[in-house]
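Engineer: A single structure is presented below for examination.
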Amino acid sequence: MHKRLRIISYEDYGNFDDIYLERFHSPSSYITELTMYLFSTKTEARITDKEFNIFFVTIADMLPLIEQIFINSKELVEIGDDLPVSAHSKIIMNLLISEIKSTNDIEGVKSTRKEINKAVMSDKKIRFSGIVNLYKAIIEGKIIKINTLNDFRAIFDELVLDEIDDTAKPDGELFRKEAVYITSDLGTKKIHQGEPTEDRIHQKLLILIEFMNLDDISFLFKAIITHYYFEYIHPFYDGNGRMGRFLLSIYLSRKLDVYTGLSVS
């Protein structure tokens with residue numbers, strides 16, 4: 001059984017370093033240029049003596065699961081193509097509304113399907129019109145490219161800026177300039193720290209952009225790692241979760257199908 005390194009650190013700490021290095025240097029491993037600091041939940045602080053490269057190990061259990069993803073995607077497209085135009089449009093709109101409602105729910109943003117549907121139907125700028133327009137772009141097959149730091153900020157502004165309290169809006173050149181911490185569900189314990197300064201945010205996002213444009217890695221792994229690393233950097237005070245899921249939706253819609261892309265949340 002292939003156990004997660006986190007579990008091994010509890011069960012077999014004496015051999016942890018050897019197991020970690022064995023996996024890191026395995027022929028089945030892909031080592032990225034994305035680096036991160038560990039975070040101690042005991043001291044509730046970053047451990048900054050060493051940065052670690054993010055890597056993943058391709059194991060046999062993954063292969064049939066990946067295959068099934070492609071089979072499911074092909075089947076969804078075939079079913080969609082057989083539907084009458086009116087039914088297809090209705091299903092797509094229902095998925096869009098459900099996805100936006102779900103991503104809001106995860107972040108504790110109060111919204112109703114009625115509100116979101118109103119934004120879908122309106123040509124005016126009203127509540128949720130920004131996020132609706134970006135998700136509509138997914139449906140329309142528009143390619144949203146990220147090549148610069150300004151591209152990240154432009155997506156953020158359209159997606160969530162109007163829904164964020166003034167006290168939590170970006171106060172730096174493009175992103176936040178103060179440190180942020182993620183706490184446990186009860187809010188009593190720090191479990192993660194985003195990049196502490198805007199300079200660090202810039203550095204890490206530039207490396208992420210390079211990673212997002214690599215061609216030598218499976219797009220599924222790239223999409224998942226991109227989502228994870230964006231959340232790790234945590235470039236904004238608020239809205240990171242919604243933006244991270246939107247980035248994942250864009251990618252899966254383009255590489256697989258729109259039904260999968262609109263089902264992330």
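For the structure tokens, the naming scheme is as follows: chains receive sequential letters (A, B, ...) according to their order of presentation, residues are indexed from 1 within each chain, and ligands are indexed from 1 in presentation order.
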For Gln203 of chain A, please output as a PDB file with N, CA and C atoms, in the first residue's frame all residues within 12 Å (counting only C-alpha atoms; exclusion window: fewer than 4 positions along the same chain).

Structural biologist:
ATOM      1  N   LEU A  34       8.511  24.477  -8.511  1.00  0.00           N
ATOM      2  CA  LEU A  34       7.710  25.174  -7.505  1.00  0.00           C
ATOM      3  C   LEU A  34       8.199  24.771  -6.126  1.00  0.00           C
ATOM      4  N   THR A  35       8.515  25.750  -5.310  1.00  0.00           N
ATOM      5  CA  THR A  35       9.050  25.438  -3.982  1.00  0.00           C
ATOM      6  C   THR A  35       8.145  25.983  -2.885  1.00  0.00           C
ATOM      7  N   THR A 148       1.049  37.085 -17.443  1.00  0.00           N
ATOM      8  CA  THR A 148       1.664  38.116 -16.611  1.00  0.00           C
ATOM      9  C   THR A 148       0.960  38.183 -15.261  1.00  0.00           C
ATOM     10  N   LEU A 149       1.586  38.874 -14.319  1.00  0.00           N
ATOM     11  CA  LEU A 149       0.967  39.074 -13.005  1.00  0.00           C
ATOM     12  C   LEU A 149      -0.324  39.872 -13.132  1.00  0.00           C
ATOM     13  N   GLU A 195       2.365  33.434   1.287  1.00  0.00           N
ATOM     14  CA  GLU A 195       3.624  34.169   1.120  1.00  0.00           C
ATOM     15  C   GLU A 195       3.531  35.491   1.873  1.00  0.00           C
ATOM     16  N   PRO A 196       4.562  35.831   2.688  1.00  0.00           N
ATOM     17  CA  PRO A 196       4.423  36.932   3.643  1.00  0.00           C
ATOM     18  C   PRO A 196       4.481  38.348   3.072  1.00  0.00           C
ATOM     19  N   THR A 197       5.067  38.531   1.887  1.00  0.00           N
ATOM     20  CA  THR A 197       5.195  39.880   1.325  1.00  0.00           C
ATOM     21  C   THR A 197       4.750  39.882  -0.134  1.00  0.00           C
ATOM     22  N   GLU A 198       4.458  41.055  -0.654  1.00  0.00           N
ATOM     23  CA  GLU A 198       4.047  41.121  -2.059  1.00  0.00           C
ATOM     24  C   GLU A 198       5.196  40.763  -2.995  1.00  0.00           C
ATOM     25  N   ASP A 199       6.428  41.088  -2.620  1.00  0.00           N
ATOM     26  CA  ASP A 199       7.577  40.690  -3.446  1.00  0.00           C
ATOM     27  C   ASP A 199       7.640  39.173  -3.588  1.00  0.00           C
ATOM     28  N   ILE A 207       6.912  32.143 -11.180  1.00  0.00           N
ATOM     29  CA  ILE A 207       7.342  30.748 -11.346  1.00  0.00           C
ATOM     30  C   ILE A 207       6.146  29.876 -11.688  1.00  0.00           C
ATOM     31  N   LEU A 208       4.988  30.166 -11.073  1.00  0.00           N
ATOM     32  CA  LEU A 208       3.773  29.409 -11.367  1.00  0.00           C
ATOM     33  C   LEU A 208       3.347  29.601 -12.824  1.00  0.00           C
ATOM     34  N   ILE A 209       3.462  30.818 -13.344  1.00  0.00           N
ATOM     35  CA  ILE A 209       3.112  31.069 -14.739  1.00  0.00           C
ATOM     36  C   ILE A 209       3.977  30.212 -15.668  1.00  0.00           C
ATOM     37  N   GLU A 210       5.259  30.138 -15.370  1.00  0.00           N
ATOM     38  CA  GLU A 210       6.153  29.281 -16.165  1.00  0.00           C
ATOM     39  C   GLU A 210       5.690  27.836 -16.112  1.00  0.00           C
ATOM     40  N   ILE A 233       0.264  30.064  -2.206  1.00  0.00           N
ATOM     41  CA  ILE A 233       0.758  31.446  -2.260  1.00  0.00           C
ATOM     42  C   ILE A 233      -0.234  32.381  -1.584  1.00  0.00           C
ATOM     43  N   PRO A 235      -2.385  34.870  -2.744  1.00  0.00           N
ATOM     44  CA  PRO A 235      -1.986  36.246  -3.065  1.00  0.00           C
ATOM     45  C   PRO A 235      -2.934  37.347  -2.601  1.00  0.00           C
TER      46      PRO A 235
END

Engineer: Which residues of segment 104-165 of chain A sit at most 8 Å from segment 88-96 of chain A, using only C-alpha atoms? Give each one's shortest atom pair and distance in Å (one decimal place), in chain and ascending residue order, as a tab-separated table.

Structural biologist:
residue	atom	partner	partner_atom	distance
A:Val132	CA	A:Leu96	CA	8.0
A:Tyr135	CA	A:Leu96	CA	6.9
A:Lys136	CA	A:Leu96	CA	7.8
A:Ile139	CA	A:Ile92	CA	7.8

Engineer: Mind writing the picked residues with all heavy atoms as a JSON list (two decimals), in the first residue's frame?

Structural biologist:
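Wrote it out as selection_1.json, contents follow:
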[["chain", "number", "residue", "atom", "x", "y", "z"],
["A", 132, "VAL", "N", -20.34, 35.64, -13.12],
["A", 132, "VAL", "CA", -21.18, 35.02, -14.15],
["A", 132, "VAL", "C", -20.55, 35.20, -15.53],
["A", 132, "VAL", "O", -20.48, 34.26, -16.33],
["A", 132, "VAL", "CB", -22.61, 35.60, -14.11],
["A", 132, "VAL", "CG1", -23.34, 35.31, -15.43],
["A", 132, "VAL", "CG2", -23.39, 35.02, -12.95],
["A", 135, "TYR", "N", -17.58, 32.85, -16.01],
["A", 135, "TYR", "CA", -18.00, 31.46, -16.22],
["A", 135, "TYR", "C", -18.70, 31.29, -17.56],
["A", 135, "TYR", "O", -18.61, 30.23, -18.19],
["A", 135, "TYR", "CB", -18.88, 30.98, -15.07],
["A", 135, "TYR", "CG", -18.08, 30.44, -13.90],
["A", 135, "TYR", "CD1", -17.73, 31.24, -12.83],
["A", 135, "TYR", "CD2", -17.64, 29.12, -13.89],
["A", 135, "TYR", "CE1", -16.98, 30.76, -11.77],
["A", 135, "TYR", "CE2", -16.89, 28.61, -12.83],
["A", 135, "TYR", "CZ", -16.56, 29.44, -11.78],
["A", 135, "TYR", "OH", -15.80, 28.95, -10.73],
["A", 136, "LYS", "N", -19.39, 32.32, -18.02],
["A", 136, "LYS", "CA", -19.97, 32.28, -19.37],
["A", 136, "LYS", "C", -18.88, 32.14, -20.42],
["A", 136, "LYS", "O", -19.06, 31.48, -21.44],
["A", 136, "LYS", "CB", -20.78, 33.56, -19.63],
["A", 136, "LYS", "CG", -22.21, 33.53, -19.13],
["A", 136, "LYS", "CD", -22.93, 34.81, -19.58],
["A", 136, "LYS", "CE", -24.39, 34.81, -19.23],
["A", 136, "LYS", "NZ", -25.07, 36.06, -19.66],
["A", 139, "ILE", "N", -18.11, 28.62, -21.05],
["A", 139, "ILE", "CA", -19.12, 27.98, -21.88],
["A", 139, "ILE", "C", -18.92, 28.34, -23.35],
["A", 139, "ILE", "O", -19.08, 27.50, -24.25],
["A", 139, "ILE", "CB", -20.54, 28.41, -21.43],
["A", 139, "ILE", "CG1", -20.82, 27.88, -20.02],
["A", 139, "ILE", "CG2", -21.60, 27.90, -22.40],
["A", 139, "ILE", "CD1", -22.09, 28.42, -19.40]]

Engineer: Here is a test: counting only C-alpha atoms, which residue of A:Glu33, A:Glu140, A:Glu173, A:Asp49 is nearest to Arg153 of chain A?

Structural biologist: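 Of all the options, A:Glu173 lies closest to Arg153 of chain A.
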
Engineer: Of the candidates A:Thr43, A:Leu220, A:Arg6, A:Gly14, which shows the shortest atom-to-atom distance to Lys189 of chain A, using only C-alpha atoms?

Structural biologist: A:Thr43

Engineer: Do you have the atom CA of Lys124 of chain A-atom CA of Gly239 of chain A distance handy?

Structural biologist: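 So the answer is 22.7 Å.
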
Engineer: With only C-alpha atoms as the counted atoms, please give the residues lying no more than 9 Å from His227 of chain A, apart from itself and same-chain residues fewer than 6 positions off, as a list in words.

Structural biologist: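 Skipping anything fewer than 6 positions along the chain leaves Gly244, Arg245, Leu247 and Leu248 of chain A.
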
Engineer: Would you export the selected residues with C-alpha atoms as a PDB file, in the first residue's frame, please?

Structural biologist:
ATOM      1  CA  GLY A 244      -8.400  28.930  -7.544  1.00  0.00           C
ATOM      2  CA  ARG A 245     -11.490  26.906  -8.422  1.00  0.00           C
ATOM      3  CA  LEU A 247      -8.664  28.575 -12.739  1.00  0.00           C
ATOM      4  CA  LEU A 248      -9.247  24.837 -12.398  1.00  0.00           C
TER       5      LEU A 248
END

Engineer: Please provide the set of residues having any atom within 10 Å of Ile164 of chain A, restricted to only C-alpha atoms, with same-chain residues fewer than 6 positions apart removed, written as a list in words.

Structural biologist: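 After dropping sequence-adjacent residues, the list is Val109, Pro170, Tyr237, Asp238 and Gly239 of chain A.
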
Engineer: For Ala179 of chain A, which residue among A:Gln193, A:Ser9, A:Asn240, A:Asn150 is the nearest when counting only C-alpha atoms?

Structural biologist: A:Gln193

Engineer: Please return, as a ChimeraX atom specification, all residues of segment 27-220 of chain A that DSSP assigns to helix (DSSP H, G or I) on the basis of the backbone.

Structural biologist: /A:62-82,85-106,113-121,129-139,149-159,161-163,166-168,198-212,219-220

Engineer: Select, from A:Arg254, A:His192, A:Lys114, A:Lys145, the residue with the minimum atom-to-atom distance to Ser98 of chain A, counting only C-alpha atoms.

Structural biologist: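 So, comparing all the options, the nearest one is A:Lys114.
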
Engineer: Tell me, which residues of segment 22-182 of chain A carry DSSP strand (DSSP E or B), written as a PyMOL selection string?

Structural biologist: chain A and resi 29-40+45-57+181-182
